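Asks: So here's model-v4.txt (compact mmCIF, C-alpha atoms).
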```
# COMPACT_ATOMS: atom_id res chain seq x y z
CA MET A 1 71.41 103.21 118.88
CA ALA A 2 72.54 102.81 115.29
CA LEU A 3 75.13 105.18 113.90
CA THR A 4 74.05 107.28 110.94
CA ALA A 5 75.60 106.10 107.69
CA ALA A 6 77.55 108.63 105.64
CA SER A 7 75.76 109.74 102.50
CA THR A 8 77.64 109.41 99.22
CA GLY A 9 74.76 109.87 96.81
CA THR A 10 74.88 106.17 95.87
CA ALA A 11 71.48 104.59 95.31
CA VAL A 12 71.04 101.61 97.65
CA ALA A 13 68.14 99.17 97.67
CA ALA A 14 66.15 98.43 100.82
CA ASP A 15 67.96 96.08 103.20
CA GLU A 16 71.24 96.55 101.35
CA ARG A 17 74.55 97.69 102.83
CA SER A 18 77.29 99.17 100.70
CA GLY A 19 80.46 101.20 100.99
CA ARG A 20 84.04 101.48 99.81
CA VAL A 21 87.35 100.36 101.32
CA LEU A 22 90.48 102.47 100.75
CA ALA A 23 94.13 102.05 101.80
CA ALA A 24 95.01 104.51 104.56
CA ASP A 25 98.51 105.21 103.22
CA THR A 26 97.69 105.84 99.55
CA GLY A 27 93.94 106.42 99.36
CA ASP A 28 93.72 103.76 96.66
CA PRO A 29 90.76 101.33 96.56
CA VAL A 30 91.43 97.89 98.03
CA ALA A 31 90.00 94.87 96.22
CA GLY A 32 89.35 91.37 97.47
CA LEU A 33 88.61 92.10 101.15
CA GLU A 34 85.67 90.35 102.79
CA VAL A 35 83.13 92.55 104.56
CA THR A 36 80.69 90.84 106.94
CA VAL A 37 77.68 92.14 108.85
CA TYR A 38 76.61 90.52 112.15
CA GLU A 39 73.35 90.94 114.00
CA LEU A 40 73.55 92.87 117.26
CA ASP A 41 73.21 90.37 120.13
CA THR A 42 72.42 91.71 123.62
CA SER A 43 71.36 88.41 125.20
CA SER A 44 74.41 88.38 127.48
CA GLY A 45 73.73 91.88 128.73
CA THR A 46 76.40 93.44 126.54
CA ALA A 47 76.45 94.39 122.86
CA GLU A 48 78.13 91.58 120.91
CA PRO A 49 78.17 90.26 117.32
CA GLY A 50 75.55 87.58 116.75
CA ALA A 51 74.55 85.68 113.64
CA VAL A 52 75.97 86.58 110.23
CA ALA A 53 73.47 88.76 108.36
CA GLY A 54 75.32 89.25 105.07
CA SER A 55 78.76 89.44 103.48
CA GLY A 56 80.56 90.35 100.27
CA LEU A 57 83.94 91.11 98.72
CA THR A 58 85.28 94.50 97.69
CA GLY A 59 85.69 94.93 93.93
CA GLY A 60 88.38 96.60 91.88
CA ASP A 61 86.99 100.01 92.84
CA GLY A 62 87.05 99.06 96.52
CA ARG A 63 83.26 98.95 96.70
CA PHE A 64 81.14 96.29 98.39
CA SER A 65 77.40 95.76 98.32
CA PHE A 66 75.20 92.97 99.68
CA GLU A 67 71.73 92.38 101.05
CA ILE A 68 70.92 91.96 104.73
CA THR A 69 69.40 88.53 105.35
CA ALA A 70 68.39 88.94 109.01
CA ASP A 71 64.86 88.85 110.36
CA PRO A 72 63.10 92.17 109.58
CA THR A 73 62.78 92.90 113.32
CA VAL A 74 66.59 93.14 113.69
CA GLU A 75 67.59 96.77 113.24
CA GLU A 76 71.21 97.05 114.40
CA PHE A 77 74.36 95.32 113.18
CA PHE A 78 78.12 95.18 113.55
CA LEU A 79 80.29 95.38 110.42
CA PHE A 80 83.68 93.64 110.19
CA VAL A 81 86.33 94.09 107.48
CA ASP A 82 88.81 91.22 107.08
CA GLY A 83 92.10 92.84 106.08
CA GLY A 84 93.66 89.65 104.70
CA THR A 85 97.46 89.49 104.66
CA ASP A 86 98.11 93.11 103.66
CA TYR A 87 95.82 95.19 105.88
CA GLN A 88 94.71 95.43 109.48
CA GLY A 89 91.15 94.20 109.84
CA GLY A 90 88.63 95.35 112.40
CA TRP A 91 85.14 96.51 113.33
CA TYR A 92 83.60 99.62 111.76
CA ASN A 93 83.30 102.38 114.37
CA GLY A 94 81.19 104.86 112.44
CA THR A 95 83.93 107.35 111.55
CA GLY A 96 85.47 105.63 108.53
CA VAL A 97 88.10 103.65 110.45
CA LEU A 98 88.21 100.25 112.15
CA ALA A 99 88.33 99.32 115.83
CA ALA A 100 90.12 96.29 117.25
CA THR A 101 87.11 94.93 119.15
CA PRO A 102 83.32 95.17 118.94
CA ALA A 103 83.37 96.96 122.30
CA ASP A 104 85.19 99.86 120.61
CA ALA A 105 82.96 99.82 117.53
CA GLY A 106 79.49 101.12 116.81
CA THR A 107 76.43 99.56 115.25
CA ILE A 108 74.97 100.36 111.86
CA GLY A 109 71.45 100.28 110.50
CA ARG A 110 69.79 97.87 108.11
CA SER A 111 70.40 99.73 104.86
CA GLY A 112 72.31 102.57 103.26
CA ASP A 113 75.75 103.42 101.97
CA ILE A 114 78.38 103.68 104.70
CA GLY A 115 80.82 105.68 102.60
CA ASP A 116 84.57 105.21 102.77
CA ILE A 117 86.35 102.94 105.23
CA THR A 118 90.15 103.15 105.47
CA VAL A 119 92.33 100.16 106.30
CA ILE A 120 95.88 100.35 107.64
CA PRO A 121 98.53 98.36 105.74
CA ILE A 122 100.42 95.58 107.52
CA SER A 123 102.84 95.04 104.66
CA VAL A 124 105.74 96.95 103.16
CA SER A 125 106.40 97.12 99.45
CA GLY A 126 108.60 98.99 97.03
CA ARG A 127 110.81 98.72 93.98
CA THR A 128 114.59 98.38 93.90
CA VAL A 129 116.14 100.50 91.14
CA ASP A 130 119.59 101.53 89.96
CA ALA A 131 120.48 104.92 91.43
CA ASP A 132 121.98 106.17 88.16
CA THR A 133 119.65 104.78 85.50
CA GLY A 134 116.39 104.26 87.39
CA ARG A 135 116.11 100.79 85.90
CA ALA A 136 114.77 97.91 87.96
CA VAL A 137 117.26 95.90 89.98
CA PRO A 138 115.97 92.33 90.46
CA PHE A 139 117.03 89.62 92.92
CA VAL A 140 117.71 92.01 95.80
CA LEU A 141 117.17 90.38 99.19
CA VAL A 142 115.04 92.68 101.37
CA ILE A 143 114.86 91.93 105.10
CA ALA A 144 112.58 93.64 107.64
CA TYR A 145 113.85 93.92 111.22
CA GLU A 146 112.13 95.10 114.37
CA GLU A 147 113.20 98.50 115.69
CA ASP A 148 115.99 96.78 117.60
CA TYR A 149 117.69 96.03 114.26
CA SER A 150 118.31 92.42 115.35
CA THR A 151 115.01 90.51 115.12
CA VAL A 152 113.86 89.54 111.62
CA VAL A 153 110.10 89.94 111.04
CA GLY A 154 109.98 89.12 107.32
CA TRP A 155 111.84 89.08 104.03
CA ALA A 156 111.37 89.06 100.26
CA VAL A 157 113.39 89.04 97.04
CA SER A 158 112.65 91.68 94.41
CA ASP A 159 111.30 90.29 91.15
CA ARG A 160 112.46 91.04 87.60
CA ALA A 161 110.62 94.36 87.72
CA GLY A 162 112.31 95.22 91.01
CA ASN A 163 109.10 94.87 93.02
CA PHE A 164 109.06 93.41 96.53
CA ARG A 165 106.45 92.94 99.24
CA ILE A 166 106.79 91.77 102.83
CA THR A 167 103.58 90.99 104.71
CA GLY A 168 102.83 90.78 108.42
CA VAL A 169 104.61 93.98 109.53
CA ASP A 170 102.38 96.35 111.50
CA GLU A 171 104.74 98.55 113.51
CA GLU A 172 107.95 100.55 113.02
CA PHE A 173 110.74 98.47 111.49
CA ALA A 174 114.05 98.74 109.65
CA LEU A 175 114.79 97.48 106.13
CA ARG A 176 118.05 96.00 104.92
CA PHE A 177 118.89 95.44 101.25
CA ALA A 178 121.45 93.01 99.81
CA GLY A 179 122.12 93.72 96.14
CA VAL A 180 125.30 91.67 95.71
CA LEU A 181 123.79 89.28 93.13
CA THR A 182 123.44 92.13 90.63
CA ARG A 183 126.57 93.96 91.77
CA HIS A 184 124.72 96.62 93.72
CA GLU A 185 125.35 97.89 97.21
CA SER A 186 124.03 96.41 100.42
CA GLY A 187 122.84 98.47 103.35
CA TRP A 188 119.94 99.90 105.31
CA LEU A 189 117.02 102.07 104.22
CA GLY A 190 118.00 105.71 104.69
CA CYS A 191 115.77 108.61 105.60
CA GLY A 192 115.63 109.80 101.99
CA GLY A 193 114.68 106.52 100.30
CA ASP A 194 118.25 105.61 99.43
CA VAL A 195 120.47 102.89 100.91
CA VAL A 196 123.04 103.76 103.56
CA PRO A 197 125.89 101.54 104.81
CA THR A 198 125.37 101.74 108.59
CA ILE A 199 122.56 101.50 111.11
CA GLY A 200 123.52 104.91 112.48
CA GLU A 201 122.69 106.55 109.15
CA SER A 202 119.43 104.68 108.64
CA CYS A 203 115.83 105.40 109.61
CA THR A 204 113.08 103.05 110.70
CA THR A 205 109.86 103.17 108.70
CA SER A 206 106.22 102.10 108.84
CA PRO A 207 104.05 99.81 106.68
CA GLY A 208 103.08 100.94 103.20
CA ASP A 209 104.54 101.47 99.75
CA LYS A 210 108.08 102.87 99.92
CA GLY A 211 108.26 103.60 96.19
CA ASP A 212 111.64 103.40 94.45
CA ILE A 213 114.64 102.37 96.57
CA ARG A 214 117.83 103.59 94.90
CA LEU A 215 120.86 101.28 94.93
CA ASP A 216 124.34 102.32 93.84
CA ARG A 217 126.23 99.97 91.55
CA LEU A 218 129.40 98.48 93.01
```
Now, as a test, write the supplied structure out as structure tokens.

Replies:
Amino acid sequence: MALTAASTGTAVAADERSGRVLAADTGDPVAGLEVTVYELDTSSGTAEPGAVAGSGLTGGDGRFSFEITADPTVEEFFLFVDGGTDYQGGWYNGTGVLAATPADAGTIGRSGDIGDITVIPISVSGRTVDADTGRAVPFVLVIAYEEDYSTVVGWAVSDRAGNFRITGVDEEFALRFAGVLTRHESGWLGCGGDVVPTIGESCTTSPGDKGDIRLDRL
């Protein structure tokens, strides 16, 4: 039985599916993600995704909209959001979040606006700044480690604006910063968004935007 789509007051044409994708950590719209609808296939005796019935990309406002191209007799569909490199993809489960498998998802009807779908980030980003002036500190090596503090899972170098992004991290991890090239301290991400010298003083963190990371000048 198809799940009832959430009403947002958005006018939707017949046989058209629409909705909006937001980042779970910030609530901001997410652009450039592919959303695909599959026909419900029960030929094997279980509910599985069948043929593709429509797809589209989210825009700058996070919204997607596309027509269903399936035979008019098909009434139920699965919806999949591809999270790309920065977000965890999955199957829409009817409550605004994504499930890992179709077995944990729900089906949707042929038309209507689904409302908001949130996606979980699988990247960490932030901006390295001088602790005293607040100005950007570029060329800081940022390394992500698993919770064991020994296995590297990704790295990046902050750009001229101090921005960095590491993709492919989806669990708790630790961050280490090396600011020696610009005569700033090196150390681990502390619990308050600063940099601390030892592992014992540091805190692990989760994916998302960490904001400004303050580095003391040497």

Asks: Considering all atoms listed in the file, can you say which of A:Gly19, A:Gly208, A:Gly45, A:Pro138 comes closest to Asp61 of chain A?

Replies: A:Gly19

Asks: Could you work out how far atom CA of Asp25 of chain A lies from atom CA of Phe177 of chain A, giving the answer in Å with one decimal?

Replies: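 Atom-to-atom, atom CA of Phe177 of chain A and atom CA of Asp25 of chain A are spaced 22.7 Å apart.
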
Asks: Taking (87.5, 99.2, 109.2) in the coordinates of the supplied file, I want to know which residues reach to within 6 Å of it, counting all atoms listed in the file; could you give the answer as a PyMOL selection string?

Replies: chain A and resi 81+90-92+97-98+117+119

Asks: I need the residue nearest Phe164 of chain A from this list: A:Ser123, A:Ser186, A:Thr204, A:Thr73. Use all atoms listed in the file for the distance.

Replies: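 Once distances to Phe164 of chain A are computed over all atoms listed in the file, the minimum belongs to A:Ser123.
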
Asks: What does the distance from atom CA of Ser158 of chain A to atom CA of Thr182 of chain A come to in Å, to one decimal?

Replies: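 About the pair atom CA of Ser158 of chain A and atom CA of Thr182 of chain A: they are 11.4 Å apart.
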
Asks: Could you work out how far atom CA of Ala178 of chain A lies from atom CA of Gly134 of chain A, giving the answer in Å with one decimal?

Replies: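 A separation of 17.5 Å between them.
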
Asks: Compare A:Cys203, A:Ile68, A:Val153, A:Val180 by their minimum atom-to-atom distance to Ser55 of chain A, counting all atoms listed in the file, and give me the closest one.

Replies: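 Nearest to Ser55 of chain A: A:Ile68.
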
Asks: Taking 6 positions as the minimum chain separation for residues in the same chain, which residues sit within 12 Å of Gly200 of chain A when counting only C-alpha atoms? Answer as a list in words.

Replies: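 In the requested format, the answer is Tyr149, Ala174, Gly187, Trp188, Leu189, Gly190 and Cys191 of chain A.
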
Asks: Keeping only C-alpha atoms, write the selected residues to a file as a PDB file, in the coordinates of the input.

Replies:
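Saved result, part35.pdb, follows:
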```
ATOM      1  CA  TYR A 149     117.690  96.030 114.260  1.00  0.00           C
ATOM      2  CA  ALA A 174     114.050  98.740 109.650  1.00  0.00           C
ATOM      3  CA  GLY A 187     122.840  98.470 103.350  1.00  0.00           C
ATOM      4  CA  TRP A 188     119.940  99.900 105.310  1.00  0.00           C
ATOM      5  CA  LEU A 189     117.020 102.070 104.220  1.00  0.00           C
ATOM      6  CA  GLY A 190     118.000 105.710 104.690  1.00  0.00           C
ATOM      7  CA  CYS A 191     115.770 108.610 105.600  1.00  0.00           C
TER       8      CYS A 191
END
```

Asks: Give the answer as one residue: which of A:Leu218, A:Val152, A:Ala105, A:Ile166 has the shortest atom-to-atom distance to Ala47 of chain A, using only C-alpha atoms?

Replies: A:Ala105
